[in-house]
Amino acid sequence: MYVAVKGGERAIENAHAWLAEERRGDTSVAELSTAQIREQLSLAVNRVMAEGSLFDADLAALAIKQSRGDLIEAIFLIRAYRTTLPRFGASRPVETGQMACDRRISATFKDAPGGQVLGPTFDYTHRLLDFKLAAEGEVTPTEQGTPREDVTPHITEFLQGEDIIQREPESDAVPGDLTREPMEFPANRALRLQSLTRGDEGFILGMAYSTQRGYARNHAFVGELRIGKVAVEMDIPELGFAIEIGELELTECETVNQFQGSKTEPPQFTRGYGLVFGQSERKSIAMALVDRALRWEELGEDNLGAAAQDEEFVLSHSDNIQATGFLEHIKLPHYVDFQSELELVRKLRREVEERTTAHQEAAE
Amino acid sequence: MTEYNFAYLDEQTKRMIRRAILKGLAVPGYQVPFASREMPMPYGWGTGGVQVSAATLTPDDTFKVIDQGADDTTNAVSIRKFFENTAGVAVTEETEKATLIQTRHRIPEAELTEDQILVYQVPIPEPLRFLEPRETETRKMHSLEEYGLMHVKLYEDISQHGDIATAYAYPVMVQDRYVMDPSPIPKFDNPKLEMSAIQLFGAGREQRIYAVPPHTKVVSLDFEDFPFVASKANHPCDLCGAEDSYLDEVILDDAGNRMFVCSDTDFCRSRRAAGHVGRLGTEDAA
């Protein structure tokens with residue numbers, strides 16, 4: 001009886017076996033391959049890569065399969081794997097201005113050099129369930145244009161030419177790394193951006209949305225949103241020059257924000273920045289809005305007391321692996337602490353009862 | 001699991017953690033920031049303790065894990081297995097035989113010795129957190145030794161409830177300098193914090209390590225006219241008859257009958273083996 005209330009090794013093993021069966025589901029249905037997940041659930045794969053901070057579509061697909069489609073669980077698997085990897089070095093900064101864009105839009109200009117390229121977007125689809133897809137999902141190949149040879153310049157460069165948008169300070173300083181150093185506040189912008197790009201999509205979205213609804217509103221326009229591939233280059237000391245070691249798919253969002261000037265800055269446009277692995281549009285726009293909200297201090301704006309302006313609040317709560325771990329740990333046994341609370345509440349009740357009785361007796 | 005280093009973490013990470021531990025031992029009760037890693041178990045499930053254990057374990061160690069005082073609770077089983085697999089160290093349930101003990105929510109009843117290390121899993125390392133949510137503020141308060149807020153809280157408890165309404169994670173003053181959260185141990189365990197063994201506290205999610213070296217002065221916060229009292233259920237253990245151990249209350253049936261048993265399962269087992277019998281225990285139960 002007494003032993004039955006405690007867990008044990010066998011219970012854990014059995015739970016794992018059952019979990020494996022549930023993951024597989026009905027065995028008369030064909031098993032899902034990781035290649036299928038990688039190719040056909042690519043936006044889920046992208047999210048796992050972005051929040052797992054590891055650009056590897058095959059591993060992300062494996063994590064999704066193993067986690068039964070629970071993306072936070074998949075992100076956790078990737079993070080736990082990532083942290084064991086040795087570090088050979090750091091790449092050069094990727095040049096998003098050189099991106100081979102699949103999609104590139106600007107909301108601030110009707111047209112711009114490089115054009116408006118919709119790319120593979122849900123934006124103008126009507127959200128009607130496509131029942132045909134339930135039977136078969138083969139697509140007929142569409143006509144292909146010739147890819148642009150020229151580089152696609154950033155929209156903000158045009159504004160910068162007019163000197164009407166805030167210039168970002170240039171620096172060659174090595175940015176901090178939040179996976180290698182404990183986070184300390186105040187954090188600098190590089191660390192904030194690192195934290196935001198791996199932060200939970202839902203959390204960042206909610207924070208960004210709150211700024212749009214008036215909690216530290218910052219009047220954001222999507223100056224530019226671009227999705228595409230960039231080359232990753234690394235300096236090889238033995239060679240004395242940089243070589244291309246791979247390619248990343250990135251989504252980059254630059255917002256242009258109205259700004260009427262402050263005690264320290266003249267009226268001009270300001271920026272928010274979002275950069276996320278894979279095709280992760282919602283996340284990168286949200287990231288840019290939150291980044292902009294967090295820059296109130298350097299721009300000399302007022303702290304309006306909004307959650308999205310509060311660096312410590314945002315950065316301490318954006319990581320879904322930390323959040324879900326701590327949230328779910330309350331499933332673990334807490335009976336020792338509960339017992340001490342129980343004793344305390346009983347004692348406090350006893351004391352109240354004694355006082356009440358004493359009162360009554362005194363009154364009589 | 002040969003694809004991982006001894007005790008899972010790579011040596012650079014262990015070195016970083018050991019530095020934090022040494023700093024913690026040098027400044028008792030001070031929370032040392034460290035670059036906590038993602039572990040293969042969730043944050044909040046002992047990742048801090050696991051990282052401290054991983055950095056402290058040697059192949060000659062004998063490892064014991066308890067959760068709620070028990071060796072057979074699910075998470076204790078899981079963590080013990082993790083180190084059996086990744087470090088291949090000997091494990092034990094006997095407190096006396098262990099050289100490294102990782103614990104959640106309890107201090108073992110048996111007195112620990114100089115040859116032992118006790119590693120605590122810590123959820124929220126900051127004793128001032130629920131009085132001041134900002135880390136930037138609480139760090140300042142510690143550096144200025146500004147603990148008035150905590151005393152006001154304890155005072156308000158007494159004035160409102162007639163008692164200090166903290167039953168676990170009861171704050172302590174370490175070596176007359178830092179107010180420290182002893183992790184969510186019941187306050188019954190607080191007097192044991194002055195011990196011969198090294199005590200290390202790991203908070204993974206919050207990226208903090210702190211320590212209490214052997215024989216360090218650890219005082220539970222109280223007032224002269226309202227001294228600290230370590231409390232427990234006012235019963236003997238129903239299995240081993242111990243009068244001085246922390247007890248779990250186990251509900252036996254729908255009629256609300258209960259029994260009280262030692263939360264420290266090894267302590268209870270060894271007492272029964274030595275022939276002690278409680279109200280519901282039997283001679284052969286051991």
# chains A, B, ... in the order shown; residues from 1 in each chain; ligands from 1
call {"tool": "interface_residues", "arguments": {"of": "chain B", "to": "chain A", "cutoff": "8 Å", "atoms": "only C-alpha atoms", "output": "PDB file with N, CA and C atoms, in the first residue's frame"}}
result
ATOM      1  N   LEU B   9      28.311  15.862 -19.524  1.00  0.00           N
ATOM      2  CA  LEU B   9      28.802  17.179 -19.940  1.00  0.00           C
ATOM      3  C   LEU B   9      30.237  17.104 -20.453  1.00  0.00           C
ATOM      4  N   ASP B  10      30.556  17.968 -21.419  1.00  0.00           N
ATOM      5  CA  ASP B  10      31.933  18.029 -21.900  1.00  0.00           C
ATOM      6  C   ASP B  10      32.813  18.696 -20.844  1.00  0.00           C
ATOM      7  N   PRO B  33      26.271  33.473 -10.971  1.00  0.00           N
ATOM      8  CA  PRO B  33      25.690  33.185 -12.290  1.00  0.00           C
ATOM      9  C   PRO B  33      26.562  32.173 -13.037  1.00  0.00           C
ATOM     10  N   PHE B  34      25.961  31.222 -13.715  1.00  0.00           N
ATOM     11  CA  PHE B  34      26.746  30.309 -14.552  1.00  0.00           C
ATOM     12  C   PHE B  34      25.964  30.007 -15.823  1.00  0.00           C
ATOM     13  N   ALA B  35      26.709  29.635 -16.866  1.00  0.00           N
ATOM     14  CA  ALA B  35      26.089  29.437 -18.184  1.00  0.00           C
ATOM     15  C   ALA B  35      25.460  28.051 -18.238  1.00  0.00           C
ATOM     16  N   SER B  36      24.324  27.942 -17.598  1.00  0.00           N
ATOM     17  CA  SER B  36      23.612  26.672 -17.544  1.00  0.00           C
ATOM     18  C   SER B  36      23.335  26.133 -18.941  1.00  0.00           C
ATOM     19  N   ARG B  37      23.498  24.837 -19.112  1.00  0.00           N
ATOM     20  CA  ARG B  37      23.256  24.200 -20.406  1.00  0.00           C
ATOM     21  C   ARG B  37      21.863  23.572 -20.455  1.00  0.00           C
ATOM     22  N   GLU B  38      21.393  23.391 -21.676  1.00  0.00           N
ATOM     23  CA  GLU B  38      20.193  22.586 -21.828  1.00  0.00           C
ATOM     24  C   GLU B  38      20.571  21.142 -21.527  1.00  0.00           C
ATOM     25  N   MET B  39      19.845  20.517 -20.664  1.00  0.00           N
ATOM     26  CA  MET B  39      20.120  19.125 -20.321  1.00  0.00           C
ATOM     27  C   MET B  39      19.041  18.262 -20.959  1.00  0.00           C
ATOM     28  N   PRO B  40      19.282  16.956 -21.032  1.00  0.00           N
ATOM     29  CA  PRO B  40      18.252  16.125 -21.670  1.00  0.00           C
ATOM     30  C   PRO B  40      17.050  15.858 -20.769  1.00  0.00           C
ATOM     31  N   PRO B  42      13.882  18.202 -18.545  1.00  0.00           N
ATOM     32  CA  PRO B  42      13.353  19.569 -18.627  1.00  0.00           C
ATOM     33  C   PRO B  42      13.889  20.475 -17.519  1.00  0.00           C
ATOM     34  N   TYR B  43      13.954  21.764 -17.834  1.00  0.00           N
ATOM     35  CA  TYR B  43      14.193  22.771 -16.811  1.00  0.00           C
ATOM     36  C   TYR B  43      13.123  22.633 -15.740  1.00  0.00           C
ATOM     37  N   GLY B  44      13.529  22.787 -14.494  1.00  0.00           N
ATOM     38  CA  GLY B  44      12.560  22.672 -13.412  1.00  0.00           C
ATOM     39  C   GLY B  44      12.500  21.254 -12.875  1.00  0.00           C
ATOM     40  N   TRP B  45      13.239  20.333 -13.542  1.00  0.00           N
ATOM     41  CA  TRP B  45      13.222  18.937 -13.111  1.00  0.00           C
ATOM     42  C   TRP B  45      14.585  18.523 -12.561  1.00  0.00           C
ATOM     43  N   ASP B  67      14.238  12.239  -3.874  1.00  0.00           N
ATOM     44  CA  ASP B  67      13.242  13.267  -4.175  1.00  0.00           C
ATOM     45  C   ASP B  67      12.159  13.086  -3.125  1.00  0.00           C
ATOM     46  N   GLN B  68      11.843  14.150  -2.392  1.00  0.00           N
ATOM     47  CA  GLN B  68      10.915  14.064  -1.256  1.00  0.00           C
ATOM     48  C   GLN B  68      11.476  13.123  -0.174  1.00  0.00           C
ATOM     49  N   ASP B  72      12.909   6.089  -4.383  1.00  0.00           N
ATOM     50  CA  ASP B  72      12.122   5.425  -5.427  1.00  0.00           C
ATOM     51  C   ASP B  72      11.056   6.327  -6.046  1.00  0.00           C
ATOM     52  N   THR B  73      11.106   7.627  -5.786  1.00  0.00           N
ATOM     53  CA  THR B  73      10.183   8.516  -6.489  1.00  0.00           C
ATOM     54  C   THR B  73      10.656   8.637  -7.947  1.00  0.00           C
ATOM     55  N   THR B  74       9.701   8.857  -8.839  1.00  0.00           N
ATOM     56  CA  THR B  74       9.997   8.729 -10.279  1.00  0.00           C
ATOM     57  C   THR B  74      11.184   9.575 -10.747  1.00  0.00           C
ATOM     58  N   ASN B  75      11.220  10.836 -10.331  1.00  0.00           N
ATOM     59  CA  ASN B  75      12.292  11.676 -10.855  1.00  0.00           C
ATOM     60  C   ASN B  75      13.651  11.305 -10.263  1.00  0.00           C
ATOM     61  N   VAL B  77      14.501   8.249  -9.543  1.00  0.00           N
ATOM     62  CA  VAL B  77      14.856   7.068 -10.337  1.00  0.00           C
ATOM     63  C   VAL B  77      15.446   7.502 -11.669  1.00  0.00           C
ATOM     64  N   SER B  78      14.786   8.476 -12.286  1.00  0.00           N
ATOM     65  CA  SER B  78      15.199   8.930 -13.612  1.00  0.00           C
ATOM     66  C   SER B  78      16.601   9.558 -13.566  1.00  0.00           C
ATOM     67  N   HIS B 105      14.076  18.726  -2.220  1.00  0.00           N
ATOM     68  CA  HIS B 105      13.103  19.005  -1.160  1.00  0.00           C
ATOM     69  C   HIS B 105      13.400  18.386   0.213  1.00  0.00           C
ATOM     70  N   ARG B 106      14.505  17.682   0.402  1.00  0.00           N
ATOM     71  CA  ARG B 106      14.784  17.139   1.738  1.00  0.00           C
ATOM     72  C   ARG B 106      16.282  17.142   2.017  1.00  0.00           C
ATOM     73  N   PRO B 123      14.610  25.381  -7.581  1.00  0.00           N
ATOM     74  CA  PRO B 123      13.748  25.984  -8.608  1.00  0.00           C
ATOM     75  C   PRO B 123      13.937  27.497  -8.731  1.00  0.00           C
ATOM     76  N   ARG B 134      12.220  41.647  -9.882  1.00  0.00           N
ATOM     77  CA  ARG B 134      13.323  41.978 -10.780  1.00  0.00           C
ATOM     78  C   ARG B 134      14.672  41.538 -10.257  1.00  0.00           C
ATOM     79  N   GLU B 135      15.384  40.798 -11.127  1.00  0.00           N
ATOM     80  CA  GLU B 135      16.725  40.341 -10.781  1.00  0.00           C
ATOM     81  C   GLU B 135      17.670  41.532 -10.571  1.00  0.00           C
ATOM     82  N   THR B 136      17.539  42.552 -11.421  1.00  0.00           N
ATOM     83  CA  THR B 136      18.416  43.720 -11.294  1.00  0.00           C
ATOM     84  C   THR B 136      18.282  44.335  -9.895  1.00  0.00           C
ATOM     85  N   HIS B 161      -1.228  36.588  10.749  1.00  0.00           N
ATOM     86  CA  HIS B 161      -1.606  35.187  10.944  1.00  0.00           C
ATOM     87  C   HIS B 161      -1.221  34.653  12.309  1.00  0.00           C
ATOM     88  N   GLY B 162      -0.472  35.435  13.054  1.00  0.00           N
ATOM     89  CA  GLY B 162      -0.009  34.947  14.341  1.00  0.00           C
ATOM     90  C   GLY B 162       1.177  34.010  14.215  1.00  0.00           C
ATOM     91  N   ASP B 163       1.674  33.851  12.998  1.00  0.00           N
ATOM     92  CA  ASP B 163       2.771  32.915  12.781  1.00  0.00           C
ATOM     93  C   ASP B 163       3.454  33.260  11.465  1.00  0.00           C
ATOM     94  N   ALA B 165       4.182  32.541   7.966  1.00  0.00           N
ATOM     95  CA  ALA B 165       3.419  31.652   7.074  1.00  0.00           C
ATOM     96  C   ALA B 165       4.302  31.017   6.007  1.00  0.00           C
ATOM     97  N   THR B 166       5.529  30.687   6.360  1.00  0.00           N
ATOM     98  CA  THR B 166       6.408  30.001   5.422  1.00  0.00           C
ATOM     99  C   THR B 166       6.745  28.643   6.013  1.00  0.00           C
ATOM    100  N   ALA B 167       6.363  27.603   5.308  1.00  0.00           N
ATOM    101  CA  ALA B 167       6.550  26.259   5.851  1.00  0.00           C
ATOM    102  C   ALA B 167       7.712  25.539   5.194  1.00  0.00           C
ATOM    103  N   TYR B 168       8.055  25.966   3.989  1.00  0.00           N
ATOM    104  CA  TYR B 168       9.203  25.375   3.292  1.00  0.00           C
ATOM    105  C   TYR B 168       9.939  26.483   2.564  1.00  0.00           C
ATOM    106  N   PRO B 184      13.357  24.325  -1.675  1.00  0.00           N
ATOM    107  CA  PRO B 184      12.093  24.038  -0.969  1.00  0.00           C
ATOM    108  C   PRO B 184      12.153  22.832  -0.018  1.00  0.00           C
ATOM    109  N   ILE B 185      13.069  22.868   0.912  1.00  0.00           N
ATOM    110  CA  ILE B 185      13.050  21.845   1.976  1.00  0.00           C
ATOM    111  C   ILE B 185      12.054  22.315   3.028  1.00  0.00           C
ATOM    112  N   PRO B 186      11.401  21.396   3.730  1.00  0.00           N
ATOM    113  CA  PRO B 186      10.519  21.845   4.807  1.00  0.00           C
ATOM    114  C   PRO B 186      11.363  22.527   5.880  1.00  0.00           C
ATOM    115  N   LYS B 187      10.771  23.476   6.611  1.00  0.00           N
ATOM    116  CA  LYS B 187      11.606  24.208   7.566  1.00  0.00           C
ATOM    117  C   LYS B 187      12.100  23.301   8.684  1.00  0.00           C
ATOM    118  N   ARG B 205      17.611  26.535 -14.691  1.00  0.00           N
ATOM    119  CA  ARG B 205      16.837  27.480 -15.487  1.00  0.00           C
ATOM    120  C   ARG B 205      17.217  28.912 -15.134  1.00  0.00           C
ATOM    121  N   GLN B 207      20.060  29.779 -13.891  1.00  0.00           N
ATOM    122  CA  GLN B 207      21.495  29.945 -14.130  1.00  0.00           C
ATOM    123  C   GLN B 207      22.261  30.427 -12.899  1.00  0.00           C
ATOM    124  N   SER B 231       9.210  22.595  12.476  1.00  0.00           N
ATOM    125  CA  SER B 231       8.017  21.830  12.842  1.00  0.00           C
ATOM    126  C   SER B 231       7.822  20.628  11.935  1.00  0.00           C
ATOM    127  N   LYS B 232       7.061  19.678  12.438  1.00  0.00           N
ATOM    128  CA  LYS B 232       6.708  18.487  11.676  1.00  0.00           C
ATOM    129  C   LYS B 232       5.391  17.969  12.218  1.00  0.00           C
ATOM    130  N   ALA B 233       4.824  16.972  11.537  1.00  0.00           N
ATOM    131  CA  ALA B 233       3.588  16.366  12.021  1.00  0.00           C
ATOM    132  C   ALA B 233       3.843  15.770  13.411  1.00  0.00           C
ATOM    133  N   ASP B 248       5.644  11.891   6.163  1.00  0.00           N
ATOM    134  CA  ASP B 248       4.632  12.048   5.115  1.00  0.00           C
ATOM    135  C   ASP B 248       3.310  11.544   5.665  1.00  0.00           C
ATOM    136  N   GLU B 249       2.241  12.193   5.237  1.00  0.00           N
ATOM    137  CA  GLU B 249       0.912  11.757   5.656  1.00  0.00           C
ATOM    138  C   GLU B 249       0.318  10.984   4.484  1.00  0.00           C
ATOM    139  N   VAL B 250      -0.053   9.731   4.707  1.00  0.00           N
ATOM    140  CA  VAL B 250      -0.591   8.909   3.625  1.00  0.00           C
ATOM    141  C   VAL B 250      -2.044   8.583   3.947  1.00  0.00           C
ATOM    142  N   SER B 263       9.564  10.366   5.670  1.00  0.00           N
ATOM    143  CA  SER B 263       9.756  10.727   4.263  1.00  0.00           C
ATOM    144  C   SER B 263      11.110  10.221   3.782  1.00  0.00           C
TER     145      SER B 263
END
call {"tool": "select_by_dssp", "arguments": {"residues": "range 55-226 of chain B", "states": "helix (DSSP H, G or I)", "output": "PyMOL selection string"}}
result
chain B and resi 55-56+74-87+95-97+135-143+148-161+187-193
call {"tool": "select_by_dssp", "arguments": {"residues": "range 199-342 of chain A", "states": "strand (DSSP E)", "output": "number ranges by chain"}}
result
A: 220-236, 241-257, 270-277
call {"tool": "residues_around", "arguments": {"residues": "Gln279 in chain A", "least_positions_apart": "2", "cutoff": "9 Å", "atoms": "only C-alpha atoms", "output": "JSON, numbers by chain"}}
result
{"A": [42, 43, 46, 47, 227, 228, 249, 250, 251, 276, 277, 281]}
call {"tool": "atom_distance", "arguments": {"atom1": "CA of Asp200 in chain A", "atom2": "CA of Ala57 in chain A"}}
result
18.6 Å
call {"tool": "residues_around", "arguments": {"residues": "Leu149 in chain B", "least_positions_apart": "4", "cutoff": "12 Å", "atoms": "only C-alpha atoms", "output": "PDB file with N, CA and C atoms, in the first residue's frame"}}
result
ATOM      1  N   PRO B 127      15.898  34.275  -2.730  1.00  0.00           N
ATOM      2  CA  PRO B 127      14.965  34.314  -1.596  1.00  0.00           C
ATOM      3  C   PRO B 127      14.080  35.558  -1.611  1.00  0.00           C
ATOM      4  N   LEU B 128      14.533  36.606  -2.310  1.00  0.00           N
ATOM      5  CA  LEU B 128      13.766  37.854  -2.329  1.00  0.00           C
ATOM      6  C   LEU B 128      12.813  37.937  -3.524  1.00  0.00           C
ATOM      7  N   ARG B 129      12.778  36.866  -4.352  1.00  0.00           N
ATOM      8  CA  ARG B 129      12.065  36.942  -5.622  1.00  0.00           C
ATOM      9  C   ARG B 129      10.596  37.326  -5.475  1.00  0.00           C
ATOM     10  N   PHE B 130       9.937  36.770  -4.477  1.00  0.00           N
ATOM     11  CA  PHE B 130       8.500  37.019  -4.381  1.00  0.00           C
ATOM     12  C   PHE B 130       8.190  38.318  -3.646  1.00  0.00           C
ATOM     13  N   LEU B 131       9.243  38.980  -3.201  1.00  0.00           N
ATOM     14  CA  LEU B 131       9.076  40.325  -2.660  1.00  0.00           C
ATOM     15  C   LEU B 131       9.427  41.359  -3.726  1.00  0.00           C
ATOM     16  N   GLU B 132      10.338  40.980  -4.625  1.00  0.00           N
ATOM     17  CA  GLU B 132      10.787  41.877  -5.699  1.00  0.00           C
ATOM     18  C   GLU B 132      11.087  41.016  -6.928  1.00  0.00           C
ATOM     19  N   THR B 138      17.029  42.692  -7.038  1.00  0.00           N
ATOM     20  CA  THR B 138      17.409  41.794  -5.938  1.00  0.00           C
ATOM     21  C   THR B 138      18.921  41.673  -5.822  1.00  0.00           C
ATOM     22  N   MET B 141      19.975  44.512  -3.852  1.00  0.00           N
ATOM     23  CA  MET B 141      19.619  44.357  -2.439  1.00  0.00           C
ATOM     24  C   MET B 141      20.629  43.461  -1.727  1.00  0.00           C
ATOM     25  N   HIS B 142      21.055  42.379  -2.394  1.00  0.00           N
ATOM     26  CA  HIS B 142      22.054  41.495  -1.774  1.00  0.00           C
ATOM     27  C   HIS B 142      23.385  42.215  -1.589  1.00  0.00           C
ATOM     28  N   GLU B 145      23.259  44.397   1.204  1.00  0.00           N
ATOM     29  CA  GLU B 145      22.792  43.701   2.414  1.00  0.00           C
ATOM     30  C   GLU B 145      21.487  44.322   2.910  1.00  0.00           C
ATOM     31  N   LYS B 153       8.315  41.327   5.807  1.00  0.00           N
ATOM     32  CA  LYS B 153       7.402  40.268   5.367  1.00  0.00           C
ATOM     33  C   LYS B 153       7.137  39.283   6.508  1.00  0.00           C
ATOM     34  N   LEU B 154       8.207  38.875   7.191  1.00  0.00           N
ATOM     35  CA  LEU B 154       8.041  37.926   8.288  1.00  0.00           C
ATOM     36  C   LEU B 154       7.213  38.561   9.416  1.00  0.00           C
ATOM     37  N   TYR B 155       7.474  39.843   9.660  1.00  0.00           N
ATOM     38  CA  TYR B 155       6.735  40.541  10.714  1.00  0.00           C
ATOM     39  C   TYR B 155       5.251  40.616  10.360  1.00  0.00           C
ATOM     40  N   GLU B 156       4.970  40.951   9.100  1.00  0.00           N
ATOM     41  CA  GLU B 156       3.567  41.064   8.682  1.00  0.00           C
ATOM     42  C   GLU B 156       2.847  39.726   8.788  1.00  0.00           C
ATOM     43  N   VAL B 179      21.416  36.449   2.721  1.00  0.00           N
ATOM     44  CA  VAL B 179      20.160  35.725   2.907  1.00  0.00           C
ATOM     45  C   VAL B 179      20.042  34.746   1.747  1.00  0.00           C
TER      46      VAL B 179
END
call {"tool": "residues_around", "arguments": {"residues": "range 214-224 of chain A", "least_positions_apart": "5", "cutoff": "6 Å", "atoms": "only C-alpha atoms", "output": "NGL selection string"}}
result
:A and (105-108 or 253-258 or 306)
call {"tool": "write_last_selection", "arguments": {"atoms": "N, CA and C atoms", "output": "PDB file, in the first residue's frame"}}
result
ATOM      1  N   ILE A 105       8.884  41.523 -50.037  1.00  0.00           N
ATOM      2  CA  ILE A 105       7.825  42.517 -50.171  1.00  0.00           C
ATOM      3  C   ILE A 105       8.161  43.723 -49.312  1.00  0.00           C
ATOM      4  N   SER A 106       7.621  44.864 -49.732  1.00  0.00           N
ATOM      5  CA  SER A 106       7.738  46.067 -48.923  1.00  0.00           C
ATOM      6  C   SER A 106       6.357  46.674 -48.819  1.00  0.00           C
ATOM      7  N   ALA A 107       5.972  47.056 -47.617  1.00  0.00           N
ATOM      8  CA  ALA A 107       4.671  47.695 -47.429  1.00  0.00           C
ATOM      9  C   ALA A 107       4.798  49.205 -47.493  1.00  0.00           C
ATOM     10  N   THR A 108       6.039  49.709 -47.533  1.00  0.00           N
ATOM     11  CA  THR A 108       6.215  51.158 -47.470  1.00  0.00           C
ATOM     12  C   THR A 108       6.375  51.788 -48.842  1.00  0.00           C
ATOM     13  N   CYS A 253      13.037  40.614 -41.409  1.00  0.00           N
ATOM     14  CA  CYS A 253      12.033  41.675 -41.443  1.00  0.00           C
ATOM     15  C   CYS A 253      12.639  42.939 -40.874  1.00  0.00           C
ATOM     16  N   GLU A 254      12.535  44.007 -41.616  1.00  0.00           N
ATOM     17  CA  GLU A 254      12.929  45.318 -41.097  1.00  0.00           C
ATOM     18  C   GLU A 254      11.685  46.174 -41.040  1.00  0.00           C
ATOM     19  N   THR A 255      11.365  46.644 -39.852  1.00  0.00           N
ATOM     20  CA  THR A 255      10.240  47.574 -39.761  1.00  0.00           C
ATOM     21  C   THR A 255      10.772  48.996 -39.776  1.00  0.00           C
ATOM     22  N   VAL A 256       9.937  49.853 -40.311  1.00  0.00           N
ATOM     23  CA  VAL A 256      10.237  51.290 -40.315  1.00  0.00           C
ATOM     24  C   VAL A 256       9.195  51.915 -39.407  1.00  0.00           C
ATOM     25  N   ASN A 257       9.659  52.578 -38.373  1.00  0.00           N
ATOM     26  CA  ASN A 257       8.736  53.079 -37.367  1.00  0.00           C
ATOM     27  C   ASN A 257       8.763  54.598 -37.320  1.00  0.00           C
ATOM     28  N   GLN A 258       7.575  55.147 -37.265  1.00  0.00           N
ATOM     29  CA  GLN A 258       7.467  56.592 -37.149  1.00  0.00           C
ATOM     30  C   GLN A 258       8.038  57.035 -35.805  1.00  0.00           C
ATOM     31  N   ALA A 306       4.862  49.468 -20.297  1.00  0.00           N
ATOM     32  CA  ALA A 306       4.266  48.355 -21.036  1.00  0.00           C
ATOM     33  C   ALA A 306       5.155  47.117 -20.948  1.00  0.00           C
TER      34      ALA A 306
END
